[in-house]
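Reproduced below: work-v3.cif, with mmCIF, C-alpha atoms and all ligand atoms.
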data_entry
loop_
_atom_site.label_atom_id
_atom_site.label_comp_id
_atom_site.auth_asym_id
_atom_site.auth_seq_id
_atom_site.Cartn_x
_atom_site.Cartn_y
_atom_site.Cartn_z
CA MET H 1 77.75 -199.16 111.99
CA PRO H 2 78.94 -196.75 114.71
CA PHE H 3 75.43 -195.84 115.87
CA ALA H 4 72.51 -197.60 117.50
CA TRP H 5 69.65 -195.80 115.72
CA SER H 6 69.15 -194.83 112.12
CA LEU H 7 66.28 -193.20 110.34
CA ASN H 8 65.54 -193.39 106.61
CA PRO H 9 62.34 -191.78 105.35
CA TYR H 10 62.85 -193.40 101.93
CA MET H 11 64.15 -196.74 100.76
CA GLY H 12 66.26 -196.77 97.63
CA CYS H 13 67.86 -193.68 96.13
CA VAL H 14 67.44 -192.16 92.69
CA HIS H 15 70.98 -190.82 92.75
CA ARG H 16 72.10 -194.33 91.79
CA CYS H 17 75.78 -193.95 92.61
CA THR H 18 77.77 -196.86 91.19
CA PHE H 19 79.50 -197.42 94.55
CA CYS H 20 76.37 -197.13 96.72
CA TYR H 21 76.66 -199.52 99.67
CA VAL H 22 72.86 -199.62 99.95
CA ARG H 23 72.92 -201.97 96.96
CA ALA H 24 74.25 -204.59 99.39
CA PHE H 25 71.27 -204.05 101.73
CA GLU H 26 68.92 -204.33 98.76
CA LEU H 27 70.46 -207.62 97.69
CA ARG H 28 70.06 -209.02 101.21
CA ALA H 29 66.39 -207.94 101.13
CA ASP H 30 65.85 -209.74 97.78
CA ARG H 31 65.45 -206.51 95.85
CA PRO H 32 67.38 -205.53 92.73
CA ALA H 33 70.88 -204.21 93.43
CA ASP H 34 71.92 -203.95 89.80
CA ASP H 35 71.06 -201.30 87.21
CA ARG H 36 67.44 -201.35 88.38
CA TYR H 37 68.45 -199.98 91.80
CA GLY H 38 67.04 -196.48 92.31
CA ARG H 39 64.67 -196.64 89.32
CA THR H 40 61.88 -196.64 91.89
CA ILE H 41 61.98 -195.77 95.56
CA ARG H 42 59.73 -196.61 98.47
CA VAL H 43 58.26 -193.76 100.48
CA LYS H 44 57.48 -194.27 104.18
CA THR H 45 54.44 -192.02 104.17
CA ASN H 46 53.67 -192.48 107.90
CA VAL H 47 57.27 -192.23 109.13
CA VAL H 48 56.75 -188.90 110.91
CA GLU H 49 53.73 -190.14 112.79
CA VAL H 50 55.48 -193.34 113.89
CA LEU H 51 58.62 -191.44 114.87
CA ARG H 52 56.68 -188.98 117.04
CA ARG H 53 55.04 -191.90 118.80
CA GLU H 54 58.36 -193.63 119.43
CA LEU H 55 60.06 -190.46 120.67
CA ALA H 56 57.21 -189.85 123.13
CA ARG H 57 57.86 -193.14 124.94
CA ALA H 58 59.04 -192.68 128.51
CA SER H 59 61.81 -195.19 127.76
CA TRP H 60 63.38 -193.02 124.99
CA ARG H 61 66.82 -191.93 126.19
CA ARG H 62 67.54 -189.33 123.51
CA GLU H 63 70.32 -191.34 121.96
CA GLN H 64 72.04 -190.16 118.80
CA VAL H 65 70.15 -190.93 115.57
CA ALA H 66 71.82 -191.25 112.15
CA VAL H 67 69.57 -189.76 109.47
CA GLY H 68 70.14 -190.96 105.93
CA ALA H 69 72.55 -193.82 106.45
CA ALA H 70 70.70 -196.00 103.91
CA THR H 71 69.20 -193.48 101.51
CA ASP H 72 69.68 -189.82 100.66
CA PRO H 73 67.14 -187.99 102.84
CA TYR H 74 67.27 -185.01 100.45
CA GLN H 75 66.83 -186.86 97.17
CA PRO H 76 64.25 -185.22 94.85
CA ALA H 77 61.21 -186.99 96.38
CA GLU H 78 61.77 -185.00 99.56
CA GLY H 79 60.75 -181.87 97.67
CA ARG H 80 57.29 -183.36 97.36
CA PHE H 81 56.85 -185.52 100.47
CA ARG H 82 58.72 -183.42 103.07
CA LEU H 83 59.17 -186.48 105.27
CA THR H 84 62.76 -185.70 106.24
CA ARG H 85 61.65 -182.24 107.30
CA GLY H 86 58.85 -183.74 109.40
CA CYS H 87 61.29 -186.18 111.03
CA LEU H 88 63.74 -183.41 111.89
CA GLU H 89 60.93 -181.40 113.45
CA ALA H 90 59.97 -184.44 115.54
CA LEU H 91 63.58 -185.01 116.63
CA ALA H 92 63.92 -181.32 117.53
CA SER H 93 60.74 -181.38 119.61
CA ALA H 94 62.05 -184.44 121.46
CA ARG H 95 65.50 -182.85 121.99
CA THR H 96 67.10 -185.83 120.30
CA PRO H 97 70.62 -185.42 118.89
CA PHE H 98 71.17 -186.46 115.30
CA GLY H 99 73.73 -186.56 112.51
CA LEU H 100 72.48 -186.28 108.95
CA ILE H 101 74.30 -187.26 105.79
CA THR H 102 73.33 -186.11 102.32
CA ARG H 103 74.44 -185.15 98.83
CA GLY H 104 71.33 -183.03 98.33
CA PRO H 105 71.50 -179.20 98.41
CA LEU H 106 67.73 -179.27 99.07
CA VAL H 107 68.72 -179.45 102.76
CA VAL H 108 69.00 -175.62 102.77
CA ARG H 109 65.19 -175.51 102.59
CA ASP H 110 65.18 -176.85 106.17
CA ILE H 111 67.69 -174.45 107.71
CA ASP H 112 64.99 -173.15 110.06
CA VAL H 113 64.34 -176.65 111.44
CA LEU H 114 68.05 -177.40 111.71
CA GLN H 115 68.60 -174.18 113.65
CA GLU H 116 65.79 -175.04 116.02
CA ALA H 117 67.07 -178.61 116.45
CA SER H 118 70.62 -177.29 117.06
CA SER H 119 69.35 -175.16 119.92
CA ARG H 120 67.86 -178.21 121.58
CA ALA H 121 70.39 -180.99 120.98
CA ASP H 122 73.69 -181.79 119.30
CA VAL H 123 73.08 -181.71 115.53
CA SER H 124 75.51 -182.09 112.65
CA VAL H 125 75.07 -182.26 108.91
CA ASN H 126 77.58 -184.13 106.75
CA PHE H 127 77.81 -183.45 103.03
CA SER H 128 79.25 -186.35 101.09
CA VAL H 129 81.89 -184.87 98.81
CA PRO H 130 84.32 -187.63 97.93
CA THR H 131 85.93 -185.69 95.09
CA LEU H 132 85.79 -182.51 93.03
CA ASP H 133 87.09 -184.37 89.98
CA GLU H 134 84.53 -183.70 87.27
CA ARG H 135 84.88 -186.99 85.46
CA VAL H 136 84.87 -189.15 88.59
CA TRP H 137 81.80 -187.34 89.94
CA ARG H 138 79.81 -187.48 86.69
CA THR H 139 80.67 -191.10 86.04
CA THR H 140 80.15 -192.56 89.49
CA GLU H 141 77.27 -190.36 90.74
CA PRO H 142 74.90 -190.09 87.78
CA GLY H 143 72.07 -188.46 89.74
CA THR H 144 73.66 -186.12 92.27
CA ALA H 145 74.10 -182.36 92.36
CA PRO H 146 77.60 -181.06 91.52
CA PRO H 147 80.00 -181.21 94.49
CA ARG H 148 80.47 -177.43 94.50
CA GLN H 149 76.73 -176.97 94.83
CA ARG H 150 76.84 -179.18 97.94
CA LEU H 151 79.60 -176.98 99.33
CA ARG H 152 77.50 -173.88 98.73
CA ALA H 153 74.72 -175.53 100.72
CA LEU H 154 77.24 -176.32 103.45
CA ARG H 155 78.26 -172.67 103.60
CA ALA H 156 74.62 -171.58 103.97
CA LEU H 157 74.14 -173.97 106.90
CA VAL H 158 77.29 -172.91 108.71
CA GLU H 159 76.44 -169.23 108.23
CA ALA H 160 73.06 -169.99 109.82
CA GLY H 161 74.84 -171.50 112.83
CA VAL H 162 74.34 -175.18 111.97
CA LYS H 163 77.31 -177.51 112.37
CA ALA H 164 78.11 -178.86 108.89
CA GLY H 165 81.12 -180.68 107.51
CA VAL H 166 82.35 -182.84 104.68
CA GLY H 167 82.47 -186.62 104.53
CA MET H 168 84.92 -187.63 101.82
CA ALA H 169 83.34 -190.98 101.11
CA PRO H 170 83.89 -193.15 99.36
CA ILE H 171 87.37 -192.33 98.12
CA LEU H 172 88.13 -194.60 95.17
CA PRO H 173 91.65 -196.06 94.94
CA GLY H 174 93.43 -194.91 91.78
CA LEU H 175 90.55 -192.62 90.80
CA SER H 176 90.13 -190.08 93.58
CA ASP H 177 92.92 -190.73 96.08
CA ARG H 178 95.77 -188.75 94.53
CA PRO H 179 97.23 -186.26 97.05
CA GLU H 180 96.24 -183.25 94.93
CA GLN H 181 92.67 -184.58 94.64
CA LEU H 182 92.38 -185.01 98.40
CA ALA H 183 93.87 -181.56 98.99
CA ALA H 184 91.41 -179.94 96.57
CA VAL H 185 88.44 -181.26 98.54
CA VAL H 186 89.81 -180.31 101.96
CA ARG H 187 90.78 -176.83 100.71
CA ALA H 188 87.30 -176.28 99.24
CA ALA H 189 85.71 -177.57 102.46
CA ARG H 190 87.74 -175.03 104.44
CA GLU H 191 86.73 -172.23 102.06
CA ALA H 192 83.08 -173.18 102.51
CA GLY H 193 83.48 -173.03 106.31
CA ALA H 194 83.22 -176.77 107.07
CA THR H 195 83.27 -177.45 110.80
CA HIS H 196 84.77 -180.90 110.30
CA VAL H 197 85.99 -183.33 107.67
CA TRP H 198 86.38 -187.08 107.62
CA ALA H 199 87.18 -189.72 105.03
CA ASN H 200 86.42 -193.30 104.20
CA LEU H 201 87.43 -195.58 101.38
CA LEU H 202 85.26 -197.66 99.12
CA TYR H 203 83.98 -200.93 100.45
CA LEU H 204 82.45 -203.56 98.29
CA GLN H 205 79.99 -205.96 99.79
CA PRO H 206 78.05 -208.41 97.60
CA GLY H 207 75.44 -206.43 95.71
CA THR H 208 77.59 -203.32 95.50
CA ARG H 209 80.59 -205.28 94.35
CA GLU H 210 79.12 -206.75 91.16
CA HIS H 211 77.57 -203.47 90.07
CA PHE H 212 80.60 -201.34 90.85
CA LEU H 213 83.05 -203.66 89.12
CA ALA H 214 80.83 -203.89 86.02
CA ALA H 215 80.66 -200.07 85.89
CA LEU H 216 84.42 -199.87 86.38
CA ALA H 217 85.03 -202.31 83.53
CA ARG H 218 82.94 -200.05 81.29
CA ASP H 219 84.28 -196.67 82.45
CA TRP H 220 87.89 -197.36 83.52
CA PRO H 221 88.80 -200.81 82.16
CA GLU H 222 92.48 -200.16 82.90
CA GLU H 223 91.63 -200.04 86.65
CA LEU H 224 89.74 -203.32 86.83
CA ALA H 225 92.73 -205.56 87.58
CA ARG H 226 93.83 -203.29 90.44
CA TYR H 227 90.40 -203.46 92.08
CA GLU H 228 90.08 -207.19 91.61
CA GLU H 229 93.36 -207.57 93.42
CA LEU H 230 92.65 -204.99 96.15
CA TYR H 231 89.24 -206.45 96.92
CA ALA H 232 90.06 -210.07 96.09
CA ARG H 233 88.89 -211.70 99.30
CA ARG H 234 87.50 -208.81 101.29
CA ALA H 235 84.94 -206.02 101.22
CA TYR H 236 87.18 -203.51 103.02
CA LEU H 237 90.71 -202.42 102.24
CA GLY H 238 93.48 -203.38 104.64
CA ARG H 239 94.64 -201.08 107.41
CA GLY H 240 97.65 -199.94 105.40
CA ASP H 241 95.69 -198.48 102.47
CA MET H 242 92.85 -197.24 104.65
CA GLY H 243 95.18 -195.69 107.24
CA SER H 244 97.29 -193.94 104.65
CA VAL H 245 94.34 -192.06 103.10
CA LYS H 246 92.78 -191.21 106.46
CA ARG H 247 96.15 -189.96 107.70
CA GLN H 248 96.57 -187.75 104.63
CA VAL H 249 93.11 -186.27 105.14
CA ALA H 250 93.82 -185.66 108.84
CA GLU H 251 97.06 -183.87 107.90
CA LEU H 252 95.24 -181.79 105.31
CA ARG H 253 92.55 -180.96 107.86
CA ASP H 254 95.22 -179.63 110.24
CA HIS H 255 97.10 -177.89 107.44
CA TYR H 256 94.03 -175.98 106.25
CA GLY H 257 92.79 -175.43 109.80
CA ILE H 258 89.38 -177.03 109.53
CA ALA H 259 87.57 -176.49 112.83
CA ASP H 260 84.24 -175.38 114.17
CA ARG H 261 84.48 -171.62 113.54
CA ARG H 262 80.79 -170.77 113.47
CA SER H 263 80.34 -167.11 114.30
CA LEU H 264 76.66 -167.72 114.97
CA ARG H 265 75.57 -170.52 117.31
CA PRO H 266 71.98 -171.26 118.18
CA ALA H 267 71.27 -170.28 121.77
CA SER H 268 70.31 -173.23 123.93
CA ALA H 269 66.56 -173.47 124.31
CA PRO H 270 65.77 -174.15 127.98
CA GLU H 271 64.26 -177.49 128.94
CA PRO H 272 60.56 -177.19 129.71
CA VAL H 273 59.98 -177.13 133.47
CA GLN H 274 57.45 -179.44 135.05
CA LEU H 275 55.38 -177.26 137.37
CA ALA H 276 54.38 -178.69 140.76
CA LEU H 277 50.89 -177.89 141.91
CA SER H 278 50.58 -177.45 145.67
CA ILE H 279 47.26 -178.61 147.03
S1 LIG S 301 73.42 -190.56 97.29
FE1 LIG S 301 74.02 -192.02 98.88
S2 LIG S 301 72.24 -193.37 99.14
FE2 LIG S 301 71.98 -192.28 97.20
S3 LIG S 301 72.81 -193.66 95.63
FE3 LIG S 301 74.45 -192.23 96.24
S4 LIG S 301 75.56 -193.30 97.87
FE4 LIG S 301 73.58 -194.33 97.64
#

In structure tokens, how does this file's structure come out?
Amino acid sequence: MPFAWSLNPYMGCVHRCTFCYVRAFELRADRPADDRYGRTIRVKTNVVEVLRRELARASWRREQVAVGAATDPYQPAEGRFRLTRGCLEALASARTPFGLITRGPLVVRDIDVLQEASSRADVSVNFSVPTLDERVWRTTEPGTAPPRQRLRALRALVEAGVKAGVGMAPILPGLSDRPEQLAAVVRAAREAGATHVWANLLYLQPGTREHFLAALARDWPEELARYEELYARRAYLGRGDMGSVKRQVAELRDHYGIADRRSLRPASAPEPVQLALSI
């Protein structure tokens, strides 16, 4: 993982995407990674309290924190528990930079916190939108909001001055990697005002692999042989396949002119000054 710190207020995710890489973590932790994954989730009810304590340590260096790398921090439970909101407030108070990834439009509820955090540290929100293809979305992401709804949420964030972009991940070989499919996502991201876009292809570690391939055999049996060959002895695709898709997305990004064009940017909140008392 390209970060040292991650924060997940929940464990498990009711969105239950067939490709979810968290299934691999669950398997390693001796929890169900198959169809039972996401039927229940675990809620870290004291996460905000613990986080505030950790951030208050003199040794905390305000390193970048990845929020939601192993769960969706805006899955439905967040509507009730508000733990992600509490964590973002704590990170903002501690001027700690963070990057958040979600498929949940509920994030717009917390625009006020994200604005405040953005005035104190580098903050970015990434909406996972691997495809706009209706069938691929419905079949592989049984519990998520429609991709266009995520893009509407993205627009609301950018208009409020919060950096927000699109993570096209995971792109599925043969199902969502056709040039016109990639272009449709990047074009829609540009229309929504995305400040950045990036892409990643599917990877299949044990736990994710068995579940994804079983779902593929049910939903797209004609694709099974291709995947078995592509992922025969590895979890990740080779540089050739990976590089080709990432290159196409980078070209599309330049073609559509995706860049940070926020017209509103949160003003920097000054650091509190420690007053010296002369005696
Ligand atoms: S939304 Fe993310 S964490 Fe949740 S099931 Fe889908 S891929 Fe996994």

Handout entry: At most 7 Å from ligand LIG 301 (chain S) (only C-alpha atoms and all ligand atoms): residue list as a ChimeraX atom specification
Key = /H:13-17,19-22,70-72,102-103,141,144

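Residues in contact with Met11 of chain H at 12 Å, where only C-alpha atoms are counted and same-chain residues fewer than 2 positions away are skipped, are listed as Leu7, Asn8, Pro9, Cys13, Val14, Val22, Arg23, Phe25, Glu26, Ala29, Arg31, Tyr37, Gly38, Arg39, Thr40, Ile41, Arg42, Val43, Lys44, Thr45, Val47, Gly68, Ala69, Ala70, Thr71, Asp72, Pro73, Gln75 and Ala77 of chain H.
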
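A straight line drawn from atom CA of Lys246 of chain H to atom CA of Gly143 of chain H is 26.8 Å long.
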
Can you sort out the box for segment 248-265 of chain H, edges along x, y and z, all listed atoms in, 3 Å on every side, with centre and edge lengths in Å to one decimal, as JSON?
{"center_x": 86.3, "center_y": -177.4, "center_z": 111.0, "size_x": 27.5, "size_y": 26.6, "size_z": 18.7}

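The two atoms in question, atom CA of Val185 of chain H and atom CA of Phe127 of chain H, are spaced 11.7 Å apart.
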
Handout entry: Neighbour list for Gln248 of chain H as a ChimeraX atom specification, cut-off 9 Å, all atoms listed in the file, skip fewer than 4 positions in-chain
Key = /H:179,182-183,243-244,252-253

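Proximity ranking of H:Thr18, H:Trp5, H:Arg57, H:Leu51 relative to Pro97 of chain H places H:Trp5 first, based on all atoms listed in the file.
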
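Minimum atom-to-atom distances from H:Pro170, H:Pro272, H:Pro76, H:Pro130 to Ala184 of chain H were compared using only C-alpha atoms, and the lowest value belongs to H:Pro130.
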
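The residue that comes closest to Tyr203 of chain H, out of H:Arg178, H:Arg226, H:Arg190, H:Arg234 and on the basis of all atoms listed in the file, is H:Arg234.
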
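Separating atom CA of Met168 of chain H from atom CA of Ala189 of chain H is a distance of 10.1 Å.
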
Sort by chain and increasing residue number a table of all residues of segment 173-272 of chain H within 9 Å of segment 105-121 of chain H, each with its closest pair of atoms and their distance in Å to one decimal, counting all atoms listed in the file, and write it as CSV.
residue,atom,partner,partner_atom,distance
H:Arg265,CA,H:Ser119,CA,8.2
H:Pro266,CA,H:Ser119,CA,5.0
H:Ala267,CA,H:Ser119,CA,5.6
H:Ser268,CA,H:Ser119,CA,4.6
H:Ala269,CA,H:Ser119,CA,5.5
H:Pro270,CA,H:Arg120,CA,7.9
H:Glu271,CA,H:Arg120,CA,8.2

Handout entry: Leu216 of chain H surroundings by all atoms listed in the file, 12 Å radius, close-in-sequence under 3 positions cut, as a PyMOL selection string
Key = chain H and resi 18-19+136+139-140+172-175+208-213+219-228

Shell around Val67 of chain H at 12 Å using all atoms listed in the file, local window under 5 positions removed, as a compact mmCIF listing (two decimals) with C-alpha atoms, keeping the file's coordinate frame:
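Okay, this is what ended up in part28.txt:
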# COMPACT_ATOMS: atom_id res chain seq x y z
CA PHE H 3 75.43 -195.84 115.87
CA ALA H 4 72.51 -197.60 117.50
CA TRP H 5 69.65 -195.80 115.72
CA SER H 6 69.15 -194.83 112.12
CA LEU H 7 66.28 -193.20 110.34
CA ASN H 8 65.54 -193.39 106.61
CA PRO H 9 62.34 -191.78 105.35
CA TYR H 10 62.85 -193.40 101.93
CA ASP H 72 69.68 -189.82 100.66
CA PRO H 73 67.14 -187.99 102.84
CA TYR H 74 67.27 -185.01 100.45
CA LEU H 83 59.17 -186.48 105.27
CA THR H 84 62.76 -185.70 106.24
CA ARG H 85 61.65 -182.24 107.30
CA CYS H 87 61.29 -186.18 111.03
CA LEU H 88 63.74 -183.41 111.89
CA LEU H 91 63.58 -185.01 116.63
CA THR H 96 67.10 -185.83 120.30
CA PRO H 97 70.62 -185.42 118.89
CA PHE H 98 71.17 -186.46 115.30
CA GLY H 99 73.73 -186.56 112.51
CA LEU H 100 72.48 -186.28 108.95
CA ILE H 101 74.30 -187.26 105.79
CA THR H 102 73.33 -186.11 102.32
CA VAL H 123 73.08 -181.71 115.53
CA SER H 124 75.51 -182.09 112.65
CA VAL H 125 75.07 -182.26 108.91
CA ASN H 126 77.58 -184.13 106.75

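Distances to Arg28 of chain H were evaluated for H:Ser59, H:Ala188, H:Arg80, H:Gln205 using only C-alpha atoms, and the minimum falls at H:Gln205.
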
Exercise for the section: Could you give me, as an MDAnalysis selection string, the residues within 12 Å of Val186 of chain H, counting only C-alpha atoms and dropping anything in the same chain fewer than 4 positions from it? Expected result: chainID H and resid 129:132 151 165:168 179:182 190:199 248:259

Since the input is missing atoms for segment 20-46 of chain H, could you rebuild it with N, CA and C atoms and give the result as an mmCIF file, keeping the file's coordinate frame?
data_model
loop_
_atom_site.group_PDB
_atom_site.id
_atom_site.type_symbol
_atom_site.label_atom_id
_atom_site.label_comp_id
_atom_site.auth_asym_id
_atom_site.auth_seq_id
_atom_site.Cartn_x
_atom_site.Cartn_y
_atom_site.Cartn_z
ATOM 1 N N CYS H 20 77.281 -197.252 95.572
ATOM 2 C CA CYS H 20 76.370 -197.130 96.720
ATOM 3 C C CYS H 20 76.317 -198.423 97.543
ATOM 4 N N TYR H 21 76.643 -198.315 98.822
ATOM 5 C CA TYR H 21 76.660 -199.520 99.670
ATOM 6 C C TYR H 21 75.258 -200.014 99.978
ATOM 7 N N VAL H 22 74.243 -199.191 99.700
ATOM 8 C CA VAL H 22 72.860 -199.620 99.950
ATOM 9 C C VAL H 22 72.485 -200.771 98.994
ATOM 10 N N ARG H 23 73.183 -200.848 97.874
ATOM 11 C CA ARG H 23 72.920 -201.970 96.960
ATOM 12 C C ARG H 23 73.081 -203.307 97.695
ATOM 13 N N ALA H 24 74.030 -203.348 98.629
ATOM 14 C CA ALA H 24 74.250 -204.590 99.390
ATOM 15 C C ALA H 24 73.037 -204.889 100.286
ATOM 16 N N PHE H 25 72.465 -203.836 100.887
ATOM 17 C CA PHE H 25 71.270 -204.050 101.730
ATOM 18 C C PHE H 25 70.117 -204.542 100.843
ATOM 19 N N GLU H 26 70.009 -203.964 99.652
ATOM 20 C CA GLU H 26 68.920 -204.330 98.760
ATOM 21 C C GLU H 26 69.034 -205.814 98.365
ATOM 22 N N LEU H 27 70.254 -206.228 98.083
ATOM 23 C CA LEU H 27 70.460 -207.620 97.690
ATOM 24 C C LEU H 27 70.030 -208.551 98.835
ATOM 25 N N ARG H 28 70.423 -208.187 100.055
ATOM 26 C CA ARG H 28 70.060 -209.020 101.210
ATOM 27 C C ARG H 28 68.544 -209.057 101.392
ATOM 28 N N ALA H 29 67.854 -207.995 100.968
ATOM 29 C CA ALA H 29 66.390 -207.940 101.130
ATOM 30 C C ALA H 29 65.682 -208.499 99.888
ATOM 31 N N ASP H 30 66.436 -209.155 98.994
ATOM 32 C CA ASP H 30 65.850 -209.740 97.780
ATOM 33 C C ASP H 30 65.277 -208.710 96.830
ATOM 34 N N ARG H 31 65.877 -207.536 96.814
ATOM 35 C CA ARG H 31 65.450 -206.510 95.850
ATOM 36 C C ARG H 31 66.595 -206.260 94.890
ATOM 37 N N PRO H 32 66.305 -205.682 93.713
ATOM 38 C CA PRO H 32 67.380 -205.530 92.730
ATOM 39 C C PRO H 32 68.482 -204.572 93.180
ATOM 40 N N ALA H 33 69.731 -205.037 93.056
ATOM 41 C CA ALA H 33 70.880 -204.210 93.430
ATOM 42 C C ALA H 33 71.636 -203.761 92.183
ATOM 43 N N ASP H 34 71.196 -204.249 91.036
ATOM 44 C CA ASP H 34 71.920 -203.950 89.800
ATOM 45 C C ASP H 34 71.453 -202.627 89.191
ATOM 46 N N ASP H 35 71.407 -202.562 87.872
ATOM 47 C CA ASP H 35 71.060 -201.300 87.210
ATOM 48 C C ASP H 35 69.633 -200.848 87.531
ATOM 49 N N ARG H 36 68.821 -201.737 88.050
ATOM 50 C CA ARG H 36 67.440 -201.350 88.380
ATOM 51 C C ARG H 36 67.366 -200.602 89.707
ATOM 52 N N TYR H 37 68.448 -200.668 90.501
ATOM 53 C CA TYR H 37 68.450 -199.980 91.800
ATOM 54 C C TYR H 37 68.222 -198.468 91.612
ATOM 55 N N GLY H 38 67.286 -197.917 92.370
ATOM 56 C CA GLY H 38 67.040 -196.480 92.310
ATOM 57 C C GLY H 38 66.107 -196.042 91.187
ATOM 58 N N ARG H 39 65.639 -197.011 90.365
ATOM 59 C CA ARG H 39 64.670 -196.640 89.320
ATOM 60 C C ARG H 39 63.313 -196.325 89.964
ATOM 61 N N THR H 40 63.057 -196.985 91.086
ATOM 62 C CA THR H 40 61.880 -196.640 91.890
ATOM 63 C C THR H 40 62.350 -196.570 93.341
ATOM 64 N N ILE H 41 61.652 -195.799 94.134
ATOM 65 C CA ILE H 41 61.980 -195.770 95.560
ATOM 66 C C ILE H 41 60.711 -196.035 96.355
ATOM 67 N N ARG H 42 60.884 -196.387 97.610
ATOM 68 C CA ARG H 42 59.730 -196.610 98.470
ATOM 69 C C ARG H 42 59.664 -195.461 99.474
ATOM 70 N N VAL H 43 58.464 -194.962 99.666
ATOM 71 C CA VAL H 43 58.260 -193.760 100.480
ATOM 72 C C VAL H 43 57.519 -194.151 101.750
ATOM 73 N N LYS H 44 58.104 -193.884 102.893
ATOM 74 C CA LYS H 44 57.480 -194.270 104.180
ATOM 75 C C LYS H 44 56.528 -193.141 104.587
ATOM 76 N N THR H 45 55.343 -193.172 104.032
ATOM 77 C CA THR H 45 54.440 -192.020 104.170
ATOM 78 C C THR H 45 54.030 -191.736 105.623
ATOM 79 N N ASN H 46 54.085 -192.744 106.504
ATOM 80 C CA ASN H 46 53.670 -192.480 107.900
ATOM 81 C C ASN H 46 54.866 -192.404 108.849
#
